[in-house]
Amino acid sequence: MVFGIPVYPGSNCDRDVGWVIEKVLGQKVRYLWHRETDLSGIDCIVIPGGFSYGDYLRAGAMAKLSPVTESICDFAERGGLVMGICNGFQILLEAGLLPGAMLPNKTLSFICKFVNLRVENNKTPFTSLYKKGEVVSIPIAHAEGNYTCPPETLREIEENGQVVVRYSSPDGEVSEEFNPNGSLNNIAGICNKKGNVFGLMPHPERASEAILGSTDGLKMFQSIVQSLLKA
Amino acid sequence: MDRKVIEQHVTWEEYQKIVKLLGREPNLVELGIFSAMWSEHCSYKSSRPHLKKFPTEAPWVVQGPGENAGIIEVDEEKGICAAFKVESHNHPSFIEPFHGAATGVGGILRDVFTMGARPVACMDSLRFGELNDPKMRYVAKGVVSGISHYGNCVGVPTVGGEVYFDSCYQTNPLVNAFALGIVKKDKIFYARAAGVGNPVIYVGAKTGRDGIHGATMASEEFSSEEEVEKKVNVQVGDPFMEKLLIEACLEAMEKEGIVAIQDMGAAGLTSSSVEMASRGGVGVVLYLDKVPTREEGMTPYEIMLSESQERMLVVCEKGKEEEIMEVFRRWELDACVIGEVIEEPVLRLYWHGEKVAELPVKALTDEAPVYYRPFRIPSYIKENESYDQNSIPEPEDYNQVVKDLLTSPTIASKRWIWEQYDHMVQINTVVYPGSDAAVLRVKESRRGIAISSDCNSRYCYLNPYEGGKIAVAEAARNVACSGAVPRAITDCLNFGSPEDPEIMWQFVKATDGMADACSVLETPVVSGNVSFYNETVTEEGKRAVYPTPTVVCVGVLKDVEKRMTSFFKDSGDLLILLGESRGNVSGSEYQKLVTGDIAGRGQEIDLRFEKTLQRALVESIEAGLIKHAHDVSEGGIAVNLFESSFERELGFRVEFDDEIRSDFLLFGEDQSRVVISVSPEKLEDVLKFFEERTVPAKVIGKVTDDGRGVILHKGKELVNLSVSEMKRLYETALEKKLSGEC
């Protein structure tokens, strides 16, 4: 199985994602320089975190203009699996593959810490190995993860089950107290209507090995592998 | 040349020396180059004779001082090494906190990847004044966001550091940035130019007018009116550019053909070209009109002295330049040949075909002045000798003292700060900030790397010699508490003006102490820098910071899986104090809290015992005998116990019977003490283990599950507090103080 990891100038979690896919999961990785357009032979795209183009203008705003992003859009259009982590999520929003936008965190500062997430939808190819309602511990690291969208979009994504993970208490309680960044409805990650494009602010690659304190994120990558095997 | 212009650059005596060396008067470009190269910052002219005291060698040291960073071996079998250095960015950070601190991070990262090492960790040692001053709150917040902005964006985790608050830093905060990178032993790059005819390539950001004379600025004291004027001298960093530069440099280094590489740090193009030529014993010719500039009309003088960030100088084999430059261009960076290596050891500069400077490299480096500055014992040292700590009134409410200590900014949790730093990116951080030392795994090796930054400047002020020893010992002790053998240190010596004999005395004594500690603890100095003139002219006269020789110790864990944290693990575990309490509160946080000042002879340390303790500790961790280890430092044993209880919100109950006044016992900061915990079935083995190694070990109590922190002395209950309540106070105190709430 081949995972494509686009590398934009300023991406900085590309190697981390690559490490988990290669060394922990035992799958193949192809790094795609942002000028590349050929995605043939790739089974899944994981857009890594970082500060593509320094986050100048707006997080993800420049990356959407990169040639590789255009190819990723076609790939997603054809039903290919695309996951965007952190800055990758921001890029997916900017590219219009997912609805909504990001605002600066309510604290107005960067936040790096472990948070608890409640899995809302385990019917996606990215979360199939989790139980619905399961609470997992995965870190966040971002300055702009305050998800927002118009009320009608919010209603739609909630009704369609597009909200995949939500910030919660260790017991799964969803409330403002456990919302690290001010995100609407505690949204941490969403998918598109078809379910083949998924973006989330937390970093599953940072919670995929016991030595790092949590392996809760690994199931996300394992879910992808299983979904691809089934397909 | 006008005497006024001369004295803006160098002293009159130095000018005479220049004229003698050249056999003629220098022109303005040349004078500017001399002023930068002969500045305290670049030439170490006041400190050099004293730095020679430091031990710099050990079998595991691959590169000692003199290069961009020091290097030690981490995994001999696999040839994996760690390159690291700490450097000051004090002056820029006070003038412009955000950019000053950010560029400090950028500069130290370049020092590390210049050596071919991929940066894997940053740390910052910060010192601020009291937070009731709104200006200081602005500075502290600005510095933290600058570090966060830069470090997070380049994708290098900031894995820890230290933050102290004291009024001595009110007008002179300290920002010391540390970085560590991983490099294969056979892939180390040096900054030694070689090969006559080899091209000199300029890569990275364009040159602008920012930071001109930054190195000279760092070698002067401030007067407050000048601050604004100097604002133009602070460089602006671009972490995005730095990230591209890291990737491009590391990729270019994979190609054959790079002979030498050096970042343009302080004194920019001047120091990078001169130092590369000097180390290689060759000369360099530069065509300054070829340097990419950001602004129109820049002069040779400005180009040579600009400190624009994110720039590197590369010497490569002739004929390989296109291939090397192609890598940089692919990363969308400027790269062009601006000169070449020549045999004659001179720096020769051309501007549109016209020669504008020619200086012997030796005159700029080896011939730089060395000052054996006079020193004398300050009067306060003598006055302090008669201090009697019994003059401190014994507290009535010990619970209140514990609360006050846990919420004092120096002791309070720095979570508010380190949560703004990405401390996890690169997925190597296996002990997060908040423990005694940060621990990193080394991918593809079983080894781990532990890092701790320390310096209690109050001890250094009261007794610079002992304080210098303690700075090294404490950093090493913290590393040992994580299970790593301390291997080497890097230091950043922050002092006032060396022209003041009393300050110079502090410097001499503190470095004496450090040298002794490094030699006993077998932690040579492999890199570092000196920052003098950390003083400000105020209405009440000159005000220098306490002597602050920041020490960052790097240690190696044989097996990273055996790493230890400073937090209690399970209730029922027994608590053991290693080392002995004497009840010395001189220079302690408690003394400062109660009396508003520090006095006495400071703390003292027995280095032989310290080494015995550290070695035994590491051995006990490797053998899997103990469950937590936390060194007793600021706030004494009472604070130590609460700090260890917070992570899991476990309680503790301890009882002492020492014949020492209770407050001195609980809050004294005697050195060489560590609290450990063991499971009951291992108690006997552990006590025997330490007895055999001549380390006093005494059971003082146990970890409990009732969530209370209880301390008794000779049967009397002095402290009984809720751990979760103390945790809340401890974790929110700093943020409250920074927002001006209290």
# chains A, B, ... in the order shown; residues from 1 in each chain; ligands from 1
call {"tool": "closest_atom_pairs", "arguments": {"of": "chain A", "to": "chain B", "cutoff": "7 Å", "atoms": "only C-alpha atoms", "output": "Markdown table"}}
result
| residue | atom | partner | partner_atom | distance |
| --- | --- | --- | --- | --- |
| A:Pro9 | CA | B:Leu244 | CA | 6.7 |
| A:Gly10 | CA | B:Phe240 | CA | 6.0 |
| A:Asn12 | CA | B:Gly155 | CA | 5.2 |
| A:Cys13 | CA | B:Gln426 | CA | 6.8 |
| A:Asp16 | CA | B:Gln426 | CA | 5.6 |
| A:Gly50 | CA | B:Cys153 | CA | 6.8 |
| A:Phe51 | CA | B:Cys153 | CA | 5.8 |
| A:Tyr53 | CA | B:Phe240 | CA | 6.7 |
| A:Gly54 | CA | B:Phe240 | CA | 4.7 |
| A:Ser109 | CA | B:Gln420 | CA | 6.6 |
| A:Phe110 | CA | B:Gln420 | CA | 4.8 |
| A:Ile111 | CA | B:Gln420 | CA | 4.9 |
| A:Cys112 | CA | B:Glu419 | CA | 4.9 |
| A:Lys113 | CA | B:Glu419 | CA | 6.3 |
| A:Ala141 | CA | B:Asp422 | CA | 6.1 |
| A:Arg206 | CA | B:Ile427 | CA | 6.0 |
| A:Ile211 | CA | B:Val430 | CA | 6.3 |
| A:Leu212 | CA | B:Val430 | CA | 5.5 |
call {"tool": "write_last_selection", "arguments": {"atoms": "N, CA and C atoms", "output": "PDB file, in the first residue's frame"}}
result
ATOM      1  N   PRO A   9       6.645  23.741   0.868  1.00  0.00           N
ATOM      2  CA  PRO A   9       7.692  24.465   1.595  1.00  0.00           C
ATOM      3  C   PRO A   9       7.091  24.869   2.951  1.00  0.00           C
ATOM      4  N   GLY A  10       7.687  24.417   4.028  1.00  0.00           N
ATOM      5  CA  GLY A  10       7.171  24.745   5.355  1.00  0.00           C
ATOM      6  C   GLY A  10       6.419  23.618   6.038  1.00  0.00           C
ATOM      7  N   ASN A  12       6.130  20.493   8.204  1.00  0.00           N
ATOM      8  CA  ASN A  12       7.134  19.987   9.140  1.00  0.00           C
ATOM      9  C   ASN A  12       6.741  18.717   9.894  1.00  0.00           C
ATOM     10  N   CYS A  13       5.592  18.154   9.552  1.00  0.00           N
ATOM     11  CA  CYS A  13       5.245  16.865  10.158  1.00  0.00           C
ATOM     12  C   CYS A  13       5.280  15.751   9.122  1.00  0.00           C
ATOM     13  N   ASP A  16       7.269  12.818  10.291  1.00  0.00           N
ATOM     14  CA  ASP A  16       6.619  12.135  11.418  1.00  0.00           C
ATOM     15  C   ASP A  16       5.548  11.181  10.900  1.00  0.00           C
ATOM     16  N   GLY A  50       2.228  21.442   9.767  1.00  0.00           N
ATOM     17  CA  GLY A  50       3.366  22.326   9.565  1.00  0.00           C
ATOM     18  C   GLY A  50       2.895  23.734   9.299  1.00  0.00           C
ATOM     19  N   PHE A  51       3.735  24.477   8.638  1.00  0.00           N
ATOM     20  CA  PHE A  51       3.414  25.871   8.325  1.00  0.00           C
ATOM     21  C   PHE A  51       3.686  26.058   6.841  1.00  0.00           C
ATOM     22  N   TYR A  53       4.192  27.375   3.449  1.00  0.00           N
ATOM     23  CA  TYR A  53       4.443  28.768   3.041  1.00  0.00           C
ATOM     24  C   TYR A  53       4.443  29.694   4.250  1.00  0.00           C
ATOM     25  N   GLY A  54       4.902  29.178   5.395  1.00  0.00           N
ATOM     26  CA  GLY A  54       5.009  30.005   6.581  1.00  0.00           C
ATOM     27  C   GLY A  54       3.673  30.446   7.147  1.00  0.00           C
ATOM     28  N   SER A 109      -3.273  32.108  21.288  1.00  0.00           N
ATOM     29  CA  SER A 109      -1.897  31.626  21.297  1.00  0.00           C
ATOM     30  C   SER A 109      -1.855  30.196  20.775  1.00  0.00           C
ATOM     31  N   PHE A 110      -0.637  29.774  20.469  1.00  0.00           N
ATOM     32  CA  PHE A 110      -0.401  28.401  20.037  1.00  0.00           C
ATOM     33  C   PHE A 110      -0.654  27.487  21.232  1.00  0.00           C
ATOM     34  N   ILE A 111      -1.255  26.329  21.007  1.00  0.00           N
ATOM     35  CA  ILE A 111      -1.464  25.360  22.095  1.00  0.00           C
ATOM     36  C   ILE A 111      -0.929  24.009  21.660  1.00  0.00           C
ATOM     37  N   CYS A 112      -0.063  23.444  22.505  1.00  0.00           N
ATOM     38  CA  CYS A 112       0.445  22.097  22.255  1.00  0.00           C
ATOM     39  C   CYS A 112       0.178  21.275  23.499  1.00  0.00           C
ATOM     40  N   LYS A 113      -0.734  20.333  23.414  1.00  0.00           N
ATOM     41  CA  LYS A 113      -0.988  19.451  24.560  1.00  0.00           C
ATOM     42  C   LYS A 113      -1.856  18.268  24.135  1.00  0.00           C
ATOM     43  N   ALA A 141      -1.519  20.716  18.328  1.00  0.00           N
ATOM     44  CA  ALA A 141      -0.421  21.684  18.285  1.00  0.00           C
ATOM     45  C   ALA A 141      -0.732  22.681  17.180  1.00  0.00           C
ATOM     46  N   ARG A 206       1.393  11.586  16.397  1.00  0.00           N
ATOM     47  CA  ARG A 206       2.112  11.814  17.656  1.00  0.00           C
ATOM     48  C   ARG A 206       1.594  10.908  18.771  1.00  0.00           C
ATOM     49  N   ILE A 211       5.925   4.596  23.392  1.00  0.00           N
ATOM     50  CA  ILE A 211       6.991   5.422  23.971  1.00  0.00           C
ATOM     51  C   ILE A 211       6.602   6.911  24.011  1.00  0.00           C
ATOM     52  N   LEU A 212       5.667   7.292  23.155  1.00  0.00           N
ATOM     53  CA  LEU A 212       5.233   8.690  23.112  1.00  0.00           C
ATOM     54  C   LEU A 212       4.062   8.963  24.055  1.00  0.00           C
TER      55      LEU A 212
END
call {"tool": "select_by_dssp", "arguments": {"residues": "chain A", "states": "strand (DSSP E or B)", "output": "VMD selection string"}}
result
chain A and resid 2 to 7 11 28 to 33 44 to 47 50 81 to 85 101 to 103 111 to 119 135 to 142 146 to 148 163 to 168 187 to 191 197 to 200 209 214
call {"tool": "residues_around", "arguments": {"residues": "Pro139 (chain A)", "least_positions_apart": "6", "cutoff": "6 Å", "atoms": "only C-alpha atoms", "output": "ChimeraX atom specification"}}
result
/A:113-115,202-203
call {"tool": "write_last_selection", "arguments": {"atoms": "N, CA and C atoms", "output": "short mmCIF file (atom, residue, chain, number, x, y, z; two decimals), in the first residue's frame"}}
result
data_model
loop_
_atom_site.label_atom_id
_atom_site.label_comp_id
_atom_site.auth_asym_id
_atom_site.auth_seq_id
_atom_site.Cartn_x
_atom_site.Cartn_y
_atom_site.Cartn_z
N LYS A 113 -0.73 20.33 23.41
CA LYS A 113 -0.99 19.45 24.56
C LYS A 113 -1.86 18.27 24.14
N PHE A 114 -1.86 17.26 25.00
CA PHE A 114 -2.75 16.13 24.77
C PHE A 114 -4.18 16.57 25.06
N VAL A 115 -5.12 16.17 24.20
CA VAL A 115 -6.53 16.44 24.46
C VAL A 115 -7.29 15.12 24.29
N PRO A 202 -6.05 17.51 15.63
CA PRO A 202 -5.10 16.72 16.42
C PRO A 202 -4.17 15.90 15.53
N HIS A 203 -3.04 15.50 16.13
CA HIS A 203 -1.99 14.80 15.38
C HIS A 203 -1.96 13.32 15.74
#
call {"tool": "residues_around", "arguments": {"residues": "Tyr130 (chain A)", "least_positions_apart": "2", "cutoff": "12 Å", "atoms": "only C-alpha atoms", "output": "list in words"}}
result
Leu117, Arg118, Val119, Glu120, Asn121, Asn122, Lys123, Thr124, Pro125, Phe126, Thr127, Ser128, Lys132, Gly133, Glu134, Val135, Val136, Val164, Val165, Asp216, Gly217, Leu218, Lys219, Met220, Phe221, Gln222, Ser223 and Ile224 of chain A
call {"tool": "residues_around", "arguments": {"residues": "Gly583 (chain B)", "least_positions_apart": "3", "cutoff": "6 Å", "atoms": "only C-alpha atoms", "output": "PyMOL selection string"}}
result
chain B and resi 664-665+668
